[in-house]
Structure formats: structure tokens, C-alpha cells
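Engineer: See structure_27.cif below, with mmCIF, C-alpha atoms.
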```
data_input
#
loop_
_atom_site.label_atom_id
_atom_site.label_comp_id
_atom_site.auth_asym_id
_atom_site.auth_seq_id
_atom_site.Cartn_x
_atom_site.Cartn_y
_atom_site.Cartn_z
CA MET B 313 -23.99 87.32 67.97
CA GLY B 314 -22.21 85.15 65.42
CA LEU B 315 -19.03 87.21 65.71
CA LEU B 316 -19.07 86.94 69.50
CA LYS B 317 -19.53 83.17 69.30
CA PHE B 318 -16.60 83.03 66.88
CA ILE B 319 -14.34 85.02 69.23
CA LEU B 320 -15.29 82.99 72.31
CA SER B 321 -15.02 79.63 70.55
CA LEU B 322 -11.72 80.42 68.82
CA PRO B 323 -9.50 79.33 71.77
CA PHE B 324 -11.34 76.00 72.08
CA HIS B 325 -11.04 75.18 68.39
CA LEU B 326 -7.39 76.22 68.29
CA LEU B 327 -6.59 74.17 71.39
CA LYS B 328 -8.38 71.18 69.90
CA PHE B 329 -6.37 71.67 66.72
CA ALA B 330 -3.14 71.97 68.73
CA PHE B 331 -3.64 68.68 70.56
CA GLY B 332 -4.61 67.00 67.31
CA MET B 333 -1.46 68.41 65.79
CA ILE B 334 0.63 67.02 68.66
CA TYR B 335 -0.83 63.56 68.07
CA ARG B 336 -0.10 63.72 64.36
CA ILE B 337 3.38 65.07 65.02
CA SER B 338 4.04 62.16 67.38
CA GLN B 339 3.57 59.77 64.46
CA PHE B 340 6.70 60.97 62.68
CA ALA B 341 8.50 63.65 64.74
CA ASP B 342 11.25 63.34 67.33
CA ALA B 343 9.65 65.86 69.72
CA GLY B 344 6.15 67.12 70.47
CA TYR B 345 4.99 69.54 73.14
CA TYR B 346 2.19 71.53 74.72
CA SER B 347 2.91 75.25 75.08
CA PHE B 348 1.45 78.13 77.02
CA GLY B 349 2.24 81.80 77.50
CA PHE B 350 0.74 85.29 77.58
CA ARG B 351 -0.49 87.39 74.68
CA GLU B 352 -1.19 91.12 74.64
CA ASN B 353 -3.63 92.92 72.36
CA ASP B 354 -3.37 96.59 71.53
CA SER B 355 -6.53 98.68 71.10
CA GLU B 356 -4.74 101.65 69.52
CA ALA B 357 -6.09 100.92 66.04
CA MET B 358 -9.64 101.09 67.44
CA ARG B 359 -9.07 104.31 69.42
CA PRO B 360 -10.83 106.80 67.06
CA GLU B 361 -14.08 104.81 66.89
CA LEU B 362 -13.97 103.93 70.60
CA GLU B 363 -13.51 107.57 71.59
CA GLU B 364 -16.25 108.67 69.19
CA LYS B 365 -18.74 106.38 70.95
CA GLY B 366 -17.42 107.16 74.42
CA TYR B 367 -16.08 103.63 74.96
CA PRO B 368 -12.92 102.91 77.00
CA VAL B 369 -9.61 102.24 75.27
CA VAL B 370 -8.22 99.19 77.11
CA ASP B 371 -5.34 96.96 76.09
CA THR B 372 -6.10 93.35 76.98
CA GLY B 373 -4.00 90.31 77.67
CA TYR B 374 -4.74 86.63 78.18
CA VAL B 375 -3.20 83.18 78.35
CA VAL B 376 -2.61 81.39 75.05
CA ASN B 377 -2.32 77.63 74.67
CA GLY B 378 -1.05 75.53 71.82
CA GLY B 379 1.32 72.84 70.74
CA GLY B 380 4.02 71.94 68.28
CA GLY B 381 6.92 69.69 67.54
CA TYR B 382 10.01 69.18 65.47
CA LYS B 383 12.19 66.61 63.78
CA TYR B 384 15.97 66.26 63.76
CA LEU B 385 17.48 66.50 60.29
CA ASN B 386 20.84 65.54 61.84
CA ASP B 387 22.38 65.75 65.32
CA HIS B 388 22.13 69.57 65.27
CA LEU B 389 19.57 70.86 62.76
CA ILE B 390 15.85 70.68 63.61
CA ILE B 391 12.73 71.69 61.67
CA GLY B 392 9.28 72.05 63.14
CA GLY B 393 6.19 74.14 63.71
CA THR B 394 3.91 75.45 66.44
CA GLY B 395 0.42 76.94 66.76
CA GLU B 396 -1.51 78.61 69.56
CA GLY B 397 -4.67 80.49 70.42
CA GLY B 398 -6.47 82.16 73.28
CA GLY B 399 -9.11 84.66 74.27
CA ASP B 400 -10.87 86.35 77.16
CA ALA B 401 -13.74 88.62 78.13
CA ILE B 402 -13.17 91.41 80.66
CA THR B 403 -15.15 94.40 81.88
CA SER B 404 -14.18 98.05 82.17
CA GLY B 405 -16.88 99.94 84.01
CA LYS B 406 -20.16 99.06 82.31
CA TYR B 407 -18.44 97.90 79.10
CA SER B 408 -17.20 94.51 77.95
CA ILE B 409 -14.03 93.81 75.97
CA VAL B 410 -13.99 90.41 74.25
CA SER B 411 -10.81 89.30 72.46
CA GLY B 412 -9.60 86.22 70.62
CA ASN B 413 -6.41 85.51 68.71
CA GLY B 414 -4.55 82.68 67.02
CA SER B 415 -1.18 82.29 65.29
CA GLY B 416 1.26 79.71 64.01
CA PHE B 417 4.66 79.42 62.40
CA GLY B 418 7.22 76.96 61.12
CA PHE B 419 10.76 77.17 62.43
CA LEU B 420 14.35 76.05 62.00
CA GLY B 421 16.68 75.54 64.93
CA TYR B 422 20.27 74.54 65.53
CA VAL B 423 21.14 72.53 68.65
CA LEU B 424 24.38 74.03 69.92
CA ARG B 425 25.55 70.97 71.81
CA PRO B 426 23.30 67.88 71.91
CA PHE B 427 23.81 66.75 75.52
CA ARG B 428 21.57 63.93 76.70
CA TRP B 429 19.86 65.97 79.44
CA ILE B 430 19.70 69.48 77.95
CA ARG B 431 19.03 71.05 74.57
CA VAL B 432 19.84 74.68 73.70
CA TYR B 433 19.06 75.91 70.21
CA PRO B 434 18.69 79.30 68.51
CA LEU B 435 15.57 79.31 66.35
CA ILE B 436 13.90 81.43 63.69
CA GLY B 437 10.28 81.00 62.65
CA VAL B 438 8.01 82.44 59.96
CA GLY B 439 4.21 82.31 59.93
CA GLY B 440 1.14 84.45 60.50
CA GLY B 441 -1.84 85.08 62.76
CA GLY B 442 -4.80 87.25 63.56
CA GLY B 443 -7.81 87.80 65.76
CA LYS B 444 -10.64 90.12 66.69
CA GLN B 445 -11.61 92.39 69.54
CA MET B 446 -15.12 93.64 70.34
CA VAL B 447 -16.02 96.42 72.78
CA PHE B 448 -19.69 96.89 73.70
CA GLU B 449 -22.20 97.72 76.42
CA PRO B 450 -23.72 94.31 77.25
CA GLN B 451 -27.34 93.41 77.74
CA GLU B 452 -28.64 92.37 81.17
CA ASN B 453 -25.27 93.09 82.80
CA ASN B 454 -23.91 89.87 81.28
CA PRO B 455 -20.48 90.54 79.73
CA TYR B 456 -21.02 87.80 77.14
CA ILE B 457 -24.26 89.19 75.67
CA PRO B 458 -23.57 91.85 73.00
CA PRO B 459 -26.07 94.58 72.09
CA LYS B 460 -28.93 93.64 69.79
CA ASN B 461 -27.72 96.25 67.33
CA LEU B 462 -24.10 95.32 66.57
CA ASP B 463 -23.59 98.81 65.12
CA ASP B 464 -23.41 99.91 68.76
CA ALA B 465 -20.33 97.71 69.26
CA VAL B 466 -16.81 98.53 68.11
CA THR B 467 -15.01 95.64 66.42
CA GLY B 468 -11.37 95.62 65.42
CA GLU B 469 -9.18 93.13 63.64
CA MET B 470 -5.64 92.30 64.68
CA VAL B 471 -3.78 90.87 61.72
CA ASP B 472 -0.20 89.59 61.49
CA PRO B 473 0.08 88.58 57.81
CA LEU B 474 3.80 87.98 58.25
CA LEU B 475 5.00 86.85 61.65
CA VAL B 476 8.73 86.40 62.35
CA VAL B 477 9.89 84.84 65.62
CA ILE B 478 13.56 84.95 66.65
CA GLY B 479 14.71 83.42 69.90
CA ILE B 480 16.31 80.54 71.72
CA GLY B 481 14.91 77.23 72.91
CA VAL B 482 15.98 75.55 76.15
CA GLU B 483 14.87 72.04 77.08
CA LEU B 484 15.64 69.84 80.08
CA ARG B 485 15.14 66.11 79.58
CA LEU B 486 14.32 63.25 81.91
CA GLY B 487 14.28 60.14 79.79
CA TRP B 488 11.93 60.89 76.92
CA LEU B 489 10.10 63.61 78.88
CA MET B 490 11.14 67.22 78.48
CA ILE B 491 10.24 70.66 79.86
CA GLY B 492 11.58 74.02 78.83
CA GLY B 493 10.71 77.17 76.96
CA HIS B 494 11.15 79.37 73.92
CA PHE B 495 12.40 82.90 74.67
CA GLY B 496 12.78 85.78 72.24
CA TYR B 497 10.60 88.24 70.37
CA ARG B 498 7.98 88.20 67.63
CA GLN B 499 8.14 90.73 64.82
CA SER B 500 5.14 91.70 62.66
CA PRO B 501 6.43 94.04 59.93
CA PHE B 502 3.13 94.14 57.98
CA ASN B 503 0.59 94.06 60.81
CA SER B 504 -2.64 96.03 61.03
CA PRO B 505 -2.35 99.75 61.91
CA GLY B 506 -1.92 100.49 65.60
CA THR B 507 -0.72 97.00 66.48
CA PRO B 508 2.78 96.85 68.02
CA GLU B 509 5.39 95.78 65.49
CA LYS B 510 7.49 93.88 68.04
CA ARG B 511 6.53 91.94 71.17
CA ALA B 512 8.31 89.68 73.62
CA TYR B 513 7.79 85.99 72.90
CA ILE B 514 7.96 83.70 75.96
CA ARG B 515 6.38 80.27 75.84
CA MET B 516 6.79 77.44 78.32
CA ILE B 517 6.69 73.95 76.81
CA ALA B 518 6.30 70.38 78.10
CA GLY B 519 6.18 67.15 76.14
CA PHE B 520 8.36 64.38 74.78
CA ASN B 521 11.69 64.13 72.96
CA THR B 522 12.74 60.68 71.79
CA TYR B 523 15.81 61.57 69.76
CA LYS B 524 18.98 59.95 71.12
CA VAL B 525 22.25 61.77 70.53
CA PRO B 526 25.49 59.85 70.13
CA ASP B 527 27.87 59.59 73.10
#
```
Do you think you could lay out the structure here as C-alpha cells?
Structural biologist:
Amino acid sequence: MGLLKFILSLPFHLLKFAFGMIYRISQFADAGYYSFGFRENDSEAMRPELEEKGYPVVDTGYVVNGGGGYKYLNDHLIIGGTGEGGGDAITSGKYSIVSGNGSGFGFLGYVLRPFRWIRVYPLIGVGGGGGKQMVFEPQENNPYIPPKNLDDAVTGEMVDPLLVVIGIGVELRLGWLMIGGHFGYRQSPFNSPGTPEKRAYIRMIAGFNTYKVPD
């Protein structure tokens, strides 16, 4: 039960951390933002044990939320960081699949042309992440209640000890408000077995940017 509580509470704690991070970033950074996107989990690493117990092999996906920010080192070079987390519980037949994941990375970017109303910058980030997935036949037909004997559940870890993100950031500005996104891919060269080494990375962002570029 403790593991299930951890998985279900992970998104809340990570979101709380993200908003706290945005507040702290706002004390010294030039930009801070809320981010959201979609994360996929791969159950391939759990396939042998799932098939042995007759459980379904289902890849899950869910919305992730987070936040971040950055500071201008000059009119072009920026340095910052971002973190996110999410989770969900779904059913497949009579079985429940509960997943939770969190990750974060620091990044460097280079603003190609610092116009007042738009920012475009290639970025590269390095960090890490991880999460858990549990598949079980629930009690009382409630997908959130795991079996009394946790040996009847299949639990897998999804670990990204080294996470590399390469992409491009695009921001539109209206005064000090900004909306935009980060688009690219995330590479996990030393991830846990069965987890995809490369995934698309698309995150929409909204927040503030107070840095004023020269005319």
C-alpha cells in the first residue's frame, strides 16, 4: 500500500515542488514558466513477469506538469532548469495499471535573434529521472486498491540515470507575459532495460519573461 501511495502522490509533490521552484526562480531569474506535456511509459521491461502471471502488457501515457526558468548571461546565452512529474491509474480488463514518473534537467540555450516579441533558441539539457509502474488485480473492483499480498502485483522501475534533451525553444511575448514551447527529443543512453532510448519531447510553456533586449 505504501508503494501505491507513493506512486499516486508523486505528481502532487512534484507539482508542488515545481510551483515552489517557479517562485524561487522569480526572485533572481529573467524568465519563469509552467509547463505541461505528455509522457509515455513502456512496459517492455516488465513483460516476462507480466506474462508469467497472466497480466496484460500495456504501455501507458499521461499528462505531466512542471515548471522551470532561466537567466540571461548576455543578450543571447541563457542558462536554466526545468522539472516535471505526472501519473495515472488505468484499467485493462479486470487489471489496474498505476504509473508515476518525474524528471528534471538543467539546460543551456542560445537566443538566435532577441526580438522584443519572439524568442527562438536551440537548447541542450542534461539531467535525470525515474518512476514506477504497478500492475495488479484490485480489491473490491476499485482500481486504486492493490491486492493484500503485494507479491501478486508486478512492479517495475523506469530509470533515466542520464537524461539528455536536445531541441528548440519558441516563445511569443506580450509585455512581460510569454507563451510558447520546447520541441525536440529526449535521449536516455543508460536507462533501465526495455525502456525506449529516445522519445519525442514536446512541452508547452506559459509564464513571464522580464528581460529587455536592446533596440
Engineer: Taking the file as shown, what set of residues would the PyMOL selection byres ((chain B and resi 409) around 6) give back, as a tab-separated table (two decimals) with C-alpha atoms, keeping the file's coordinate frame?
Structural biologist:
```tsv
chain	number	residue	atom	x	y	z
B	401	ALA	CA	-13.74	88.62	78.13
B	402	ILE	CA	-13.17	91.41	80.66
B	408	SER	CA	-17.20	94.51	77.95
B	410	VAL	CA	-13.99	90.41	74.25
B	446	MET	CA	-15.12	93.64	70.34
B	447	VAL	CA	-16.02	96.42	72.78
```
Engineer: As a check of understanding, name the residues that the PyMOL selection byres ((chain B and resi 406) around 9) selects in the supplied structure, as a list in words.
Structural biologist: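 Applying the PyMOL selection byres ((chain B and resi 406) around 9) to the structure shown produces Thr403, Ser404, Gly405, Tyr407, Ser408, Phe448, Glu449, Pro450, Asn453 and Pro455 of chain B.
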Engineer: Okay, now the selection with C-alpha atoms, as an mmCIF file, keeping the file's coordinate frame?
Structural biologist:
```cif
data_model
loop_
_atom_site.group_PDB
_atom_site.id
_atom_site.type_symbol
_atom_site.label_atom_id
_atom_site.label_comp_id
_atom_site.auth_asym_id
_atom_site.auth_seq_id
_atom_site.Cartn_x
_atom_site.Cartn_y
_atom_site.Cartn_z
ATOM 1 C CA THR B 403 -15.150 94.400 81.880
ATOM 2 C CA SER B 404 -14.180 98.050 82.170
ATOM 3 C CA GLY B 405 -16.880 99.940 84.010
ATOM 4 C CA TYR B 407 -18.440 97.900 79.100
ATOM 5 C CA SER B 408 -17.200 94.510 77.950
ATOM 6 C CA PHE B 448 -19.690 96.890 73.700
ATOM 7 C CA GLU B 449 -22.200 97.720 76.420
ATOM 8 C CA PRO B 450 -23.720 94.310 77.250
ATOM 9 C CA ASN B 453 -25.270 93.090 82.800
ATOM 10 C CA PRO B 455 -20.480 90.540 79.730
#
```
Engineer: Applied to the shown file, which residues does the PyMOL selection byres ((chain B and resi 389-394) around 6) return, written as a list of chain:residue names?
Structural biologist: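 On this input, the PyMOL selection byres ((chain B and resi 389-394) around 6) captures B:Gly379, B:Gly380, B:Gly381, B:Tyr382, B:Lys383, B:Tyr384, B:Leu385, B:Asn386, B:His388, B:Gly395, B:Gly416, B:Phe417, B:Gly418, B:Phe419, B:Leu420, B:Gly421, B:Tyr422.
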Engineer: Any idea what's packed within 6 Å of range 350-354 of chain B, counting all atoms listed in the file, ignoring anything in its chain fewer than 3 positions away? Could you give it as a VMD selection string?
Structural biologist: chain B and resid 371 to 376 507
Engineer: When you count all atoms listed in the file, which of these residues is closest to Asp472 in chain B: B:Lys524, B:Arg359, B:Arg425, B:Lys444?
Structural biologist: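 Once distances to Asp472 in chain B are computed over all atoms listed in the file, the minimum belongs to B:Lys444.
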Engineer: Find the residues near Arg515 in chain B: any atom within 6 Å, counting only C-alpha atoms, skip ones fewer than 4 places away on the same chain, and give them as a list in words.
Structural biologist: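 Residues meeting the cut-off are Phe348, Gly349, Gly493 and His494 of chain B.
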Engineer: Can you work out the spacing between CA of Gly397 in chain B and CA of Leu474 in chain B in Å, to one decimal?
Structural biologist: 16.6 Å
